[in-house]
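Visitor: My structure file work-v2.txt, compact mmCIF, C-alpha atoms, is below:
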# COMPACT_ATOMS: atom_id res chain seq x y z
CA MET I 1 -48.45 -35.68 19.17
CA THR I 2 -51.65 -33.84 19.69
CA ALA I 3 -50.49 -30.64 21.33
CA MET I 4 -47.60 -29.84 19.05
CA THR I 5 -46.75 -30.51 15.44
CA ALA I 6 -43.65 -32.56 14.60
CA GLY I 7 -41.42 -29.52 13.96
CA PRO I 8 -42.02 -27.71 17.26
CA TYR I 9 -42.04 -31.02 19.15
CA ARG I 10 -38.55 -31.84 17.85
CA ALA I 11 -37.39 -28.30 18.65
CA TYR I 12 -38.67 -28.76 22.19
CA LEU I 13 -36.91 -32.13 22.61
CA VAL I 14 -33.61 -30.62 21.46
CA GLY I 15 -33.96 -27.19 23.01
CA LEU I 16 -34.94 -28.07 26.58
CA PRO I 17 -32.08 -30.56 27.22
CA ALA I 18 -29.63 -28.09 25.65
CA ALA I 19 -30.83 -25.33 27.99
CA LEU I 20 -30.52 -27.65 30.99
CA VAL I 21 -26.97 -28.64 30.00
CA ALA I 22 -26.07 -24.94 29.72
CA THR I 23 -27.42 -24.14 33.19
CA ALA I 24 -25.61 -27.17 34.64
CA LEU I 25 -22.33 -25.95 33.16
CA TRP I 26 -22.94 -22.43 34.49
CA GLY I 27 -23.72 -23.97 37.87
CA PHE I 28 -20.36 -25.75 37.73
CA THR I 29 -18.60 -22.39 37.60
CA PHE I 30 -19.87 -21.63 41.13
CA LEU I 31 -17.09 -23.93 42.37
CA GLY I 32 -14.37 -21.71 40.90
CA PRO I 33 -13.87 -19.16 43.71
CA ALA I 34 -13.62 -21.84 46.41
CA ALA I 35 -11.35 -23.99 44.26
CA VAL I 36 -8.71 -21.28 43.67
CA ALA I 37 -8.86 -19.63 47.11
CA PRO I 38 -7.01 -17.76 48.56
CA VAL I 39 -6.36 -16.24 45.09
CA ASN I 40 -9.00 -13.51 44.72
CA VAL I 41 -11.91 -14.17 42.42
CA TYR I 42 -11.07 -11.27 40.08
CA TRP I 43 -7.92 -13.08 38.95
CA LEU I 44 -10.06 -16.13 38.25
CA VAL I 45 -12.44 -14.11 36.08
CA VAL I 46 -9.58 -12.51 34.15
CA GLY I 47 -7.88 -15.87 33.63
CA ARG I 48 -11.09 -17.64 32.65
CA TYR I 49 -12.07 -15.08 30.03
CA ALA I 50 -8.51 -14.78 28.73
CA VAL I 51 -8.69 -18.49 27.87
CA PHE I 52 -12.23 -18.06 26.50
CA GLY I 53 -11.02 -15.15 24.36
CA LEU I 54 -8.05 -17.11 22.98
CA MET I 55 -10.33 -20.02 22.09
CA SER I 56 -12.73 -17.63 20.40
CA LEU I 57 -10.00 -15.87 18.41
CA THR I 58 -8.70 -19.26 17.24
CA VAL I 59 -12.17 -20.19 16.01
CA LEU I 60 -12.61 -16.86 14.22
CA LEU I 61 -9.22 -17.23 12.50
CA THR I 62 -10.36 -20.58 11.08
CA ARG I 63 -13.71 -19.09 10.04
CA ARG I 64 -12.64 -15.80 8.55
CA GLY I 65 -15.85 -15.41 6.61
CA GLY I 66 -17.96 -15.94 9.73
CA PRO I 67 -17.75 -12.44 11.26
CA ARG I 68 -18.21 -10.90 7.81
CA ALA I 69 -21.35 -12.98 7.26
CA LEU I 70 -22.78 -11.74 10.55
CA GLY I 71 -22.54 -8.14 9.47
CA THR I 72 -21.33 -5.21 11.54
CA ARG I 73 -24.52 -4.79 13.55
CA ARG I 74 -24.78 -8.42 14.62
CA LEU I 75 -21.05 -8.61 15.28
CA LEU I 76 -21.22 -5.65 17.65
CA THR I 77 -24.32 -7.15 19.27
CA ALA I 78 -22.45 -10.40 20.03
CA VAL I 79 -19.40 -8.58 21.40
CA HIS I 80 -21.42 -6.30 23.66
CA LEU I 81 -23.44 -9.27 24.92
CA GLY I 82 -20.17 -10.82 26.08
CA VAL I 83 -19.33 -7.66 28.01
CA VAL I 84 -22.78 -7.10 29.55
CA GLY I 85 -23.82 -10.71 30.11
CA TYR I 86 -20.58 -12.03 31.55
CA ILE I 87 -18.49 -9.19 32.95
CA GLY I 88 -21.26 -6.70 33.76
CA PHE I 89 -23.38 -9.31 35.50
CA TYR I 90 -20.52 -10.67 37.58
CA LEU I 91 -19.10 -7.30 38.57
CA LEU I 92 -22.48 -5.94 39.68
CA LEU I 93 -23.21 -9.14 41.60
CA ALA I 94 -19.82 -9.05 43.35
CA MET I 95 -20.37 -5.42 44.37
CA SER I 96 -23.85 -6.31 45.65
CA ALA I 97 -22.42 -9.13 47.77
CA LYS I 98 -19.66 -6.89 49.12
CA LEU I 99 -22.11 -4.21 50.26
CA GLY I 100 -25.19 -6.19 51.24
CA GLY I 101 -23.84 -9.66 51.93
CA GLY I 102 -23.98 -12.94 50.06
CA VAL I 103 -27.56 -13.70 51.12
CA LEU I 104 -28.86 -10.49 49.60
CA ALA I 105 -26.88 -10.91 46.36
CA SER I 106 -27.94 -14.53 45.93
CA THR I 107 -31.56 -13.72 46.62
CA MET I 108 -31.56 -10.95 44.02
CA THR I 109 -30.45 -13.43 41.33
CA GLY I 110 -33.79 -15.13 41.89
CA LEU I 111 -35.28 -12.22 39.94
CA ILE I 112 -33.63 -13.43 36.71
CA PRO I 113 -36.15 -16.15 35.77
CA LEU I 114 -38.98 -13.79 36.69
CA MET I 115 -37.55 -10.91 34.63
CA VAL I 116 -36.84 -13.04 31.56
CA THR I 117 -40.22 -14.74 31.62
CA LEU I 118 -42.28 -11.60 32.10
CA VAL I 119 -40.36 -9.39 29.66
CA SER I 120 -40.23 -12.13 27.02
CA ASN I 121 -43.93 -12.83 27.29
CA ARG I 122 -44.60 -9.10 26.98
CA LEU I 123 -42.54 -9.05 23.77
CA GLU I 124 -43.63 -12.35 22.24
CA LYS I 125 -47.07 -12.96 23.83
CA VAL I 126 -46.51 -16.72 23.88
CA LEU I 127 -48.76 -17.64 26.81
CA ALA I 128 -51.67 -16.01 28.62
CA TRP I 129 -50.44 -14.17 31.71
CA ARG I 130 -52.62 -16.25 34.03
CA ARG I 131 -50.92 -19.44 32.77
CA LEU I 132 -47.47 -18.06 33.65
CA ALA I 133 -48.40 -17.12 37.21
CA LEU I 134 -48.09 -20.56 38.81
CA PRO I 135 -44.64 -21.60 37.45
CA VAL I 136 -43.22 -18.13 38.18
CA VAL I 137 -44.45 -18.27 41.79
CA VAL I 138 -43.21 -21.85 42.30
CA ILE I 139 -39.73 -21.04 40.95
CA SER I 140 -39.49 -17.79 42.93
CA VAL I 141 -40.41 -19.51 46.20
CA GLY I 142 -37.91 -22.28 45.47
CA LEU I 143 -35.09 -19.84 44.82
CA LEU I 144 -35.89 -17.89 47.97
CA LEU I 145 -35.77 -21.11 49.99
CA VAL I 146 -32.41 -22.12 48.51
CA ASN I 147 -30.93 -18.68 49.13
CA SER I 148 -32.33 -18.39 52.66
CA ALA I 149 -30.22 -21.40 53.60
CA SER I 150 -26.99 -19.45 53.02
CA PRO I 151 -24.91 -19.28 56.19
CA SER I 152 -23.60 -15.81 55.50
CA GLY I 153 -25.36 -13.12 57.44
CA ARG I 154 -26.16 -9.54 56.68
CA THR I 155 -23.94 -7.26 58.67
CA ALA I 156 -24.27 -4.15 56.52
CA ASP I 157 -26.13 -1.04 57.61
CA GLY I 158 -29.37 0.11 56.01
CA ARG I 159 -27.71 2.31 53.41
CA ASP I 160 -25.34 -0.43 52.26
CA LEU I 161 -28.19 -2.94 52.13
CA ALA I 162 -30.23 -0.60 49.97
CA LEU I 163 -27.32 0.03 47.59
CA GLY I 164 -26.52 -3.69 47.56
CA ALA I 165 -30.11 -4.46 46.62
CA VAL I 166 -29.98 -1.93 43.76
CA LEU I 167 -26.73 -3.44 42.45
CA GLY I 168 -28.20 -6.94 42.79
CA PHE I 169 -31.23 -5.85 40.80
CA LEU I 170 -28.98 -4.37 38.11
CA SER I 171 -26.94 -7.59 37.93
CA SER I 172 -30.13 -9.59 37.39
CA ALA I 173 -31.21 -7.09 34.76
CA ALA I 174 -27.84 -7.46 32.98
CA TRP I 175 -28.14 -11.23 32.72
CA SER I 176 -31.83 -11.04 31.74
CA TYR I 177 -30.84 -8.57 29.02
CA PHE I 178 -28.26 -11.04 27.75
CA VAL I 179 -30.78 -13.88 27.56
CA ILE I 180 -33.46 -11.87 25.79
CA VAL I 181 -31.29 -9.92 23.33
CA ASN I 182 -29.17 -12.98 22.52
CA ARG I 183 -32.22 -15.02 21.61
CA ARG I 184 -33.85 -12.25 19.58
CA ALA I 185 -30.61 -11.70 17.64
CA LEU I 186 -30.39 -15.40 16.81
CA ARG I 187 -34.03 -15.66 15.72
CA ALA I 188 -34.43 -12.31 13.97
CA ASP I 189 -36.69 -12.56 10.94
CA GLY I 190 -35.45 -11.53 7.54
CA ARG I 191 -31.75 -11.91 8.34
CA PRO I 192 -29.24 -14.47 7.07
CA ALA I 193 -28.65 -17.64 9.09
CA VAL I 194 -26.25 -17.36 12.02
CA ASP I 195 -23.36 -19.80 12.37
CA GLY I 196 -23.70 -20.63 16.06
CA THR I 197 -20.00 -21.40 16.53
CA THR I 198 -19.01 -18.00 15.13
CA TRP I 199 -21.65 -16.32 17.27
CA THR I 200 -20.32 -18.00 20.42
CA ALA I 201 -16.77 -16.97 19.49
CA CYS I 202 -17.80 -13.32 19.07
CA ILE I 203 -19.43 -13.36 22.51
CA GLY I 204 -16.17 -14.82 23.85
CA VAL I 205 -14.15 -11.98 22.39
CA GLY I 206 -16.47 -9.48 24.06
CA ALA I 207 -16.16 -11.22 27.43
CA CYS I 208 -12.37 -11.26 27.12
CA LEU I 209 -12.22 -7.55 26.30
CA GLY I 210 -14.55 -6.75 29.19
CA SER I 211 -12.45 -8.76 31.65
CA LEU I 212 -9.51 -6.43 31.05
CA PHE I 213 -11.32 -3.81 33.13
CA LEU I 214 -11.11 -6.18 36.12
CA VAL I 215 -7.30 -6.33 36.11
CA PRO I 216 -6.95 -3.32 38.51
CA LEU I 217 -9.46 -4.97 40.87
CA ALA I 218 -7.52 -8.23 40.69
CA VAL I 219 -4.22 -6.50 41.50
CA THR I 220 -5.67 -4.61 44.49
CA GLY I 221 -8.11 -7.30 45.61
CA GLY I 222 -5.87 -8.99 48.14
CA GLY I 223 -4.72 -12.56 48.41
CA PRO I 224 -1.69 -14.17 46.76
CA SER I 225 -0.84 -13.69 43.11
CA PRO I 226 -1.76 -16.71 40.96
CA VAL I 227 1.88 -16.83 39.79
CA SER I 228 3.35 -16.63 43.29
CA ASP I 229 4.44 -20.29 43.26
CA THR I 230 3.90 -23.44 41.20
CA GLY I 231 1.61 -24.94 43.84
CA THR I 232 -0.77 -22.03 43.27
CA LEU I 233 -0.18 -21.51 39.54
CA TRP I 234 -1.02 -24.94 38.11
CA PRO I 235 -4.33 -25.49 39.94
CA PHE I 236 -5.28 -21.91 39.07
CA LEU I 237 -4.53 -22.45 35.36
CA ALA I 238 -6.39 -25.78 35.38
CA TRP I 239 -9.51 -24.15 36.78
CA CYS I 240 -9.25 -21.23 34.34
CA VAL I 241 -9.17 -23.68 31.44
CA ALA I 242 -11.99 -25.84 32.85
CA LEU I 243 -14.24 -22.84 33.48
CA ALA I 244 -13.45 -21.34 30.07
CA VAL I 245 -14.09 -24.56 28.14
CA LEU I 246 -17.10 -25.85 30.10
CA GLY I 247 -18.60 -22.82 31.81
CA SER I 248 -18.02 -20.31 29.00
CA TRP I 249 -17.64 -21.93 25.58
CA CYS I 250 -19.75 -25.07 25.97
CA ALA I 251 -22.41 -23.42 28.13
CA THR I 252 -22.81 -20.50 25.73
CA TRP I 253 -22.92 -22.87 22.75
CA PHE I 254 -25.64 -25.05 24.29
CA TRP I 255 -27.60 -21.98 25.39
CA ASN I 256 -27.52 -20.60 21.86
CA LEU I 257 -28.71 -23.97 20.56
CA ALA I 258 -31.68 -23.76 22.92
CA SER I 259 -32.26 -20.06 22.14
CA GLU I 260 -32.87 -20.91 18.50
CA ARG I 261 -35.60 -23.38 19.36
CA LEU I 262 -37.50 -22.35 22.48
CA PRO I 263 -39.56 -19.30 23.41
CA ALA I 264 -37.77 -17.13 25.94
CA THR I 265 -40.78 -17.57 28.25
CA VAL I 266 -39.67 -21.21 28.61
CA MET I 267 -35.96 -20.40 28.85
CA GLY I 268 -36.64 -17.87 31.61
CA PRO I 269 -37.83 -20.51 34.09
CA VAL I 270 -35.04 -22.88 33.03
CA ILE I 271 -32.46 -20.30 34.16
CA GLY I 272 -33.60 -21.01 37.71
CA MET I 273 -31.96 -24.43 37.35
CA GLU I 274 -28.55 -22.71 37.38
CA ALA I 275 -28.93 -22.04 41.10
CA VAL I 276 -30.00 -25.65 41.72
CA PHE I 277 -27.05 -27.09 39.81
CA GLY I 278 -24.69 -24.65 41.51
CA ALA I 279 -25.96 -25.67 44.95
CA SER I 280 -25.67 -29.35 44.04
CA PHE I 281 -22.08 -29.02 42.87
CA ASN I 282 -21.20 -27.11 46.05
CA LEU I 283 -22.81 -29.81 48.20
CA LEU I 284 -20.67 -32.43 46.46
CA TRP I 285 -17.59 -30.23 46.89
CA GLU I 286 -18.31 -29.76 50.61
CA GLY I 287 -19.25 -33.42 51.08
CA ARG I 288 -22.53 -32.77 52.88
CA THR I 289 -26.25 -33.36 52.43
CA PRO I 290 -28.64 -30.49 51.63
CA THR I 291 -30.48 -28.64 54.37
CA PHE I 292 -34.27 -28.63 54.51
CA HIS I 293 -34.42 -25.27 52.71
CA GLU I 294 -31.91 -26.31 50.05
CA LEU I 295 -33.67 -29.60 49.32
CA TRP I 296 -37.22 -28.32 49.07
CA GLY I 297 -36.19 -25.09 47.38
CA GLY I 298 -34.35 -27.06 44.69
CA LEU I 299 -37.31 -29.39 44.21
CA LEU I 300 -39.66 -26.41 43.79
CA VAL I 301 -37.39 -24.89 41.13
CA VAL I 302 -37.33 -28.19 39.23
CA ALA I 303 -41.12 -28.49 39.54
CA GLY I 304 -41.57 -24.94 38.25
CA VAL I 305 -39.35 -25.58 35.23
CA LEU I 306 -41.22 -28.80 34.39
CA LEU I 307 -44.55 -27.01 34.81
CA ALA I 308 -43.46 -24.19 32.48
CA SER I 309 -42.32 -26.76 29.91
CA TYR I 310 -45.65 -28.57 30.20
CA LEU I 311 -47.54 -25.33 29.61
CA PHE I 312 -45.39 -24.68 26.54
CA ASN I 313 -46.30 -28.14 25.26
CA ARG I 314 -50.00 -27.60 25.87
CA ALA I 315 -49.90 -24.18 24.21
CA GLY I 316 -49.51 -25.83 20.82
CA ILE I 317 -46.92 -23.33 19.57
CA THR I 318 -46.93 -23.18 15.80
CA PRO I 319 -43.74 -24.01 13.86
CA ASP I 320 -42.99 -20.41 13.00
CA LYS I 321 -43.05 -19.47 16.69
CA ALA I 322 -41.28 -22.44 18.19
CA ALA I 323 -38.56 -23.10 15.67
CA PRO I 324 -37.45 -20.82 12.82
CA THR I 325 -37.03 -22.43 9.46
CA GLY I 326 -35.12 -21.78 6.28
CA ALA I 327 -32.98 -18.66 6.25
CA ASP I 328 -34.07 -17.70 9.76
CA THR I 329 -32.62 -20.80 11.39
CA ALA I 330 -29.29 -20.26 13.08
CA GLU I 331 -28.39 -23.91 12.60
CA PRO I 332 -25.08 -25.05 14.07
CA VAL I 333 -22.42 -25.53 11.43
CA GLY I 334 -19.10 -27.29 11.42
CA PRO I 335 -16.93 -28.79 14.17
CA ALA I 336 -16.73 -27.23 17.61
CA PRO I 337 -15.49 -28.21 21.07
CA VAL I 338 -18.98 -29.69 21.47
CA ARG I 339 -21.71 -30.28 18.80
CA SER I 340 -22.28 -26.93 17.17
CA ASP I 341 -24.45 -24.11 18.47
CA ARG I 342 -25.77 -20.12 26.27
CA ALA I 343 -24.55 -18.28 26.78
Would it be possible to restate this file's structure as structure tokens?
Guide:
Amino acid sequence: MTAMTAGPYRAYLVGLPAALVATALWGFTFLGPAAVAPVNVYWLVVGRYAVFGLMSLTVLLTRRGGPRALGTRRLLTAVHLGVVGYIGFYLLLAMSAKLGGGVLASTMTGLIPLMVTLVSNRLEKVLAWRRLALPVVVISVGLLLVNSASPSGRTADGRDLALGAVLGFLSSAAWSYFVIVNRRALRADGRPAVDGTTWTACIGVGACLGSLFLVPLAVTGGGPSPVSDTGTLWPFLAWCVALAVLGSWCATWFWNLASERLPATVMGPVIGMEAVFGASFNLLWEGRTPTFHELWGGLLVVAGVLLASYLFNRAGITPDKAAPTGADTAEPVGPAPVRSDRA
């Protein structure tokens, strides 16, 4: 180990796989809308986060001292991250797709890795700007290629396209905000250690509360009710549970595990893998091979993530930057549906 000391090297070996698992689980959630159709997607979001919220409340009831240990400020931070990062992001993205088309909305999400990487490097100054340029360009080109392969066309007029682009930008900003603020809250200096399981549960409560605002959209969104018949109800409930357990709880838990150990300038590029995993799961679901754009776009995203990780390795991040120690470590504690604590 010449580039990194043992502590940061171990943090890197744990943090990067955890971040990749989180993005894979988030990519899995892309199957949800197609799986429950013709039930509208708003019902799926409400059902998913209702289950996530119940799981989170159960955890908090068994860890009554957990929220108190977080303190009021951190508790409110976790709850509002659940609202902004999960409900705000999805709602803005759905509105963008409705106005500007799926291609536009999907393409705008390609801004997320770029936003997170650039803002995080501005805040933390982990790598020289010139060293970030190549992985950011490679990932951005890859995401554009993947999204350009979407079969849905743009039929909106200029005004709707412009508004759709603005909403898509805001959705990317919402998720970037979640990634950056979540990580800074977990790694804040001079504060008591964070129990990652409690933190994940508080985010879940926030997401559940935020989903209640989607109930009117679900009722008026068209399509059959999820409780219209048993043939619709049971598959719907099964997907709500699967998305809540895997795509919400486990993904957030693994992301928090990575957030404690890696600079956000590394986690920014890794977020691009969510689109790759999502496309891969959809290809399996549809039973087809990737198009030229999908294949090479996905490979470019993977290459960009590996390149960013390599640059992090070569940077020789010191232990206090790469992995907090002592009281500042939000080390996972106690049993959880998976190991203990990307969100």
Visitor: Rank nothing, just name the residue among I:Val245, I:Cys202, I:Met115, I:Leu16 nearest to I:Ile180, using all atoms listed in the file.
Guide: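 Of the candidates, the smallest distance to I:Ile180 is held by I:Met115.
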Visitor: From the set I:Ile112, I:Ser172, I:Ser96, I:Arg183, which residue has the shortest atom-to-atom contact distance to I:Asp160, counting all atoms listed in the file?
Guide: I:Ser96
Visitor: From the options I:Tyr90, I:Phe277, I:Tyr310, I:Trp249, which residue's atoms come nearest to I:Val205, counting all atoms listed in the file?
Guide: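 Of I:Tyr90, I:Phe277, I:Tyr310, I:Trp249, the one nearest I:Val205 is I:Trp249, counting all atoms listed in the file.
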Visitor: In terms of the shortest atom-to-atom distance over only C-alpha atoms, which of I:Val36, I:Leu167, I:Leu299, I:Leu144 is closest to I:Trp234?
Guide: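 Comparing I:Val36, I:Leu167, I:Leu299, I:Leu144 against I:Trp234, the winner is I:Val36.
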Visitor: For I:Leu92, which of I:Ala165, I:Met267, I:Ala69, I:Ile203 is the closest residue, counting all atoms listed in the file?
Guide: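 Selected residue with least distance to I:Leu92: I:Ala165.
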Visitor: Quote the spacing between atom CA of I:Trp26 and atom CA of I:Gly278 in Å to one decimal place.
Guide: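 Atom-to-atom, atom CA of I:Trp26 and atom CA of I:Gly278 are spaced 7.6 Å apart.
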Visitor: I:Trp175: which residues within 12 Å, counting all atoms listed in the file, same-chain residues fewer than 5 positions away excluded, as a PyMOL selection string?
Guide: chain I and resi 81-93+108-116+168-170+180-182+268+271+342-343
Visitor: Would you mind telling me which residue in I:Leu306, I:Leu243, I:Ala258, I:Ala201 lies nearest to I:Arg64 when using only C-alpha atoms?
Guide: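 The closest residue to I:Arg64 is I:Ala201.
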Visitor: I'd like the interatomic distance between atom CA of I:Phe178 and atom CA of I:Phe281, to a tenth of an Å.
Guide: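 Going from atom CA of I:Phe178 over to atom CA of I:Phe281, I get 24.3 Å.
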Visitor: Could you please give me, as a PyMOL selection string, the residues of protein, DNA or RNA lying at most 9 Å from (-19.4, -15.6, 16.4) in the coordinate frame of the file, considering all atoms listed in the file?
Guide: chain I and resi 56+59-60+66-67+70+75+78-79+194-205
Visitor: Could you take the residues named above and write them with C-alpha atoms, as a PDB file, in the frame of the given file?
Guide:
ATOM      1  CA  SER I  56     -12.730 -17.630  20.400  1.00  0.00           C
ATOM      2  CA  VAL I  59     -12.170 -20.190  16.010  1.00  0.00           C
ATOM      3  CA  LEU I  60     -12.610 -16.860  14.220  1.00  0.00           C
ATOM      4  CA  GLY I  66     -17.960 -15.940   9.730  1.00  0.00           C
ATOM      5  CA  PRO I  67     -17.750 -12.440  11.260  1.00  0.00           C
ATOM      6  CA  LEU I  70     -22.780 -11.740  10.550  1.00  0.00           C
ATOM      7  CA  LEU I  75     -21.050  -8.610  15.280  1.00  0.00           C
ATOM      8  CA  ALA I  78     -22.450 -10.400  20.030  1.00  0.00           C
ATOM      9  CA  VAL I  79     -19.400  -8.580  21.400  1.00  0.00           C
ATOM     10  CA  VAL I 194     -26.250 -17.360  12.020  1.00  0.00           C
ATOM     11  CA  ASP I 195     -23.360 -19.800  12.370  1.00  0.00           C
ATOM     12  CA  GLY I 196     -23.700 -20.630  16.060  1.00  0.00           C
ATOM     13  CA  THR I 197     -20.000 -21.400  16.530  1.00  0.00           C
ATOM     14  CA  THR I 198     -19.010 -18.000  15.130  1.00  0.00           C
ATOM     15  CA  TRP I 199     -21.650 -16.320  17.270  1.00  0.00           C
ATOM     16  CA  THR I 200     -20.320 -18.000  20.420  1.00  0.00           C
ATOM     17  CA  ALA I 201     -16.770 -16.970  19.490  1.00  0.00           C
ATOM     18  CA  CYS I 202     -17.800 -13.320  19.070  1.00  0.00           C
ATOM     19  CA  ILE I 203     -19.430 -13.360  22.510  1.00  0.00           C
ATOM     20  CA  GLY I 204     -16.170 -14.820  23.850  1.00  0.00           C
ATOM     21  CA  VAL I 205     -14.150 -11.980  22.390  1.00  0.00           C
TER      22      VAL I 205
END
Visitor: Hey, can you check how far atom CA of I:Leu163 sits from atom CA of I:Leu99?
Guide: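 Between these atoms lies a distance of 7.2 Å.
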Visitor: Compute the distance from (-43.7, -22.2, 42.7) to each atom, counting all atoms listed in the file, keep the residues with any atom at most 10 Å away, and return them as a list in words; use the coordinates of the file.
Guide: Ala133, Leu134, Pro135, Val136, Val137, Val138, Ile139, Ser140, Val141, Gly142, Leu143, Gly297, Leu299, Leu300, Val301, Val302, Ala303, Gly304, Val305 and Leu307 of chain I
Visitor: So that I can check the surroundings of I:Thr265, please list as an MDAnalysis selection string every protein, DNA and RNA residue that reaches within 8 Å of it, counting all atoms listed in the file and ignoring chain neighbours fewer than 2 positions away.
Guide: chainID I and resid 116:118 120:121 126 263 267:269
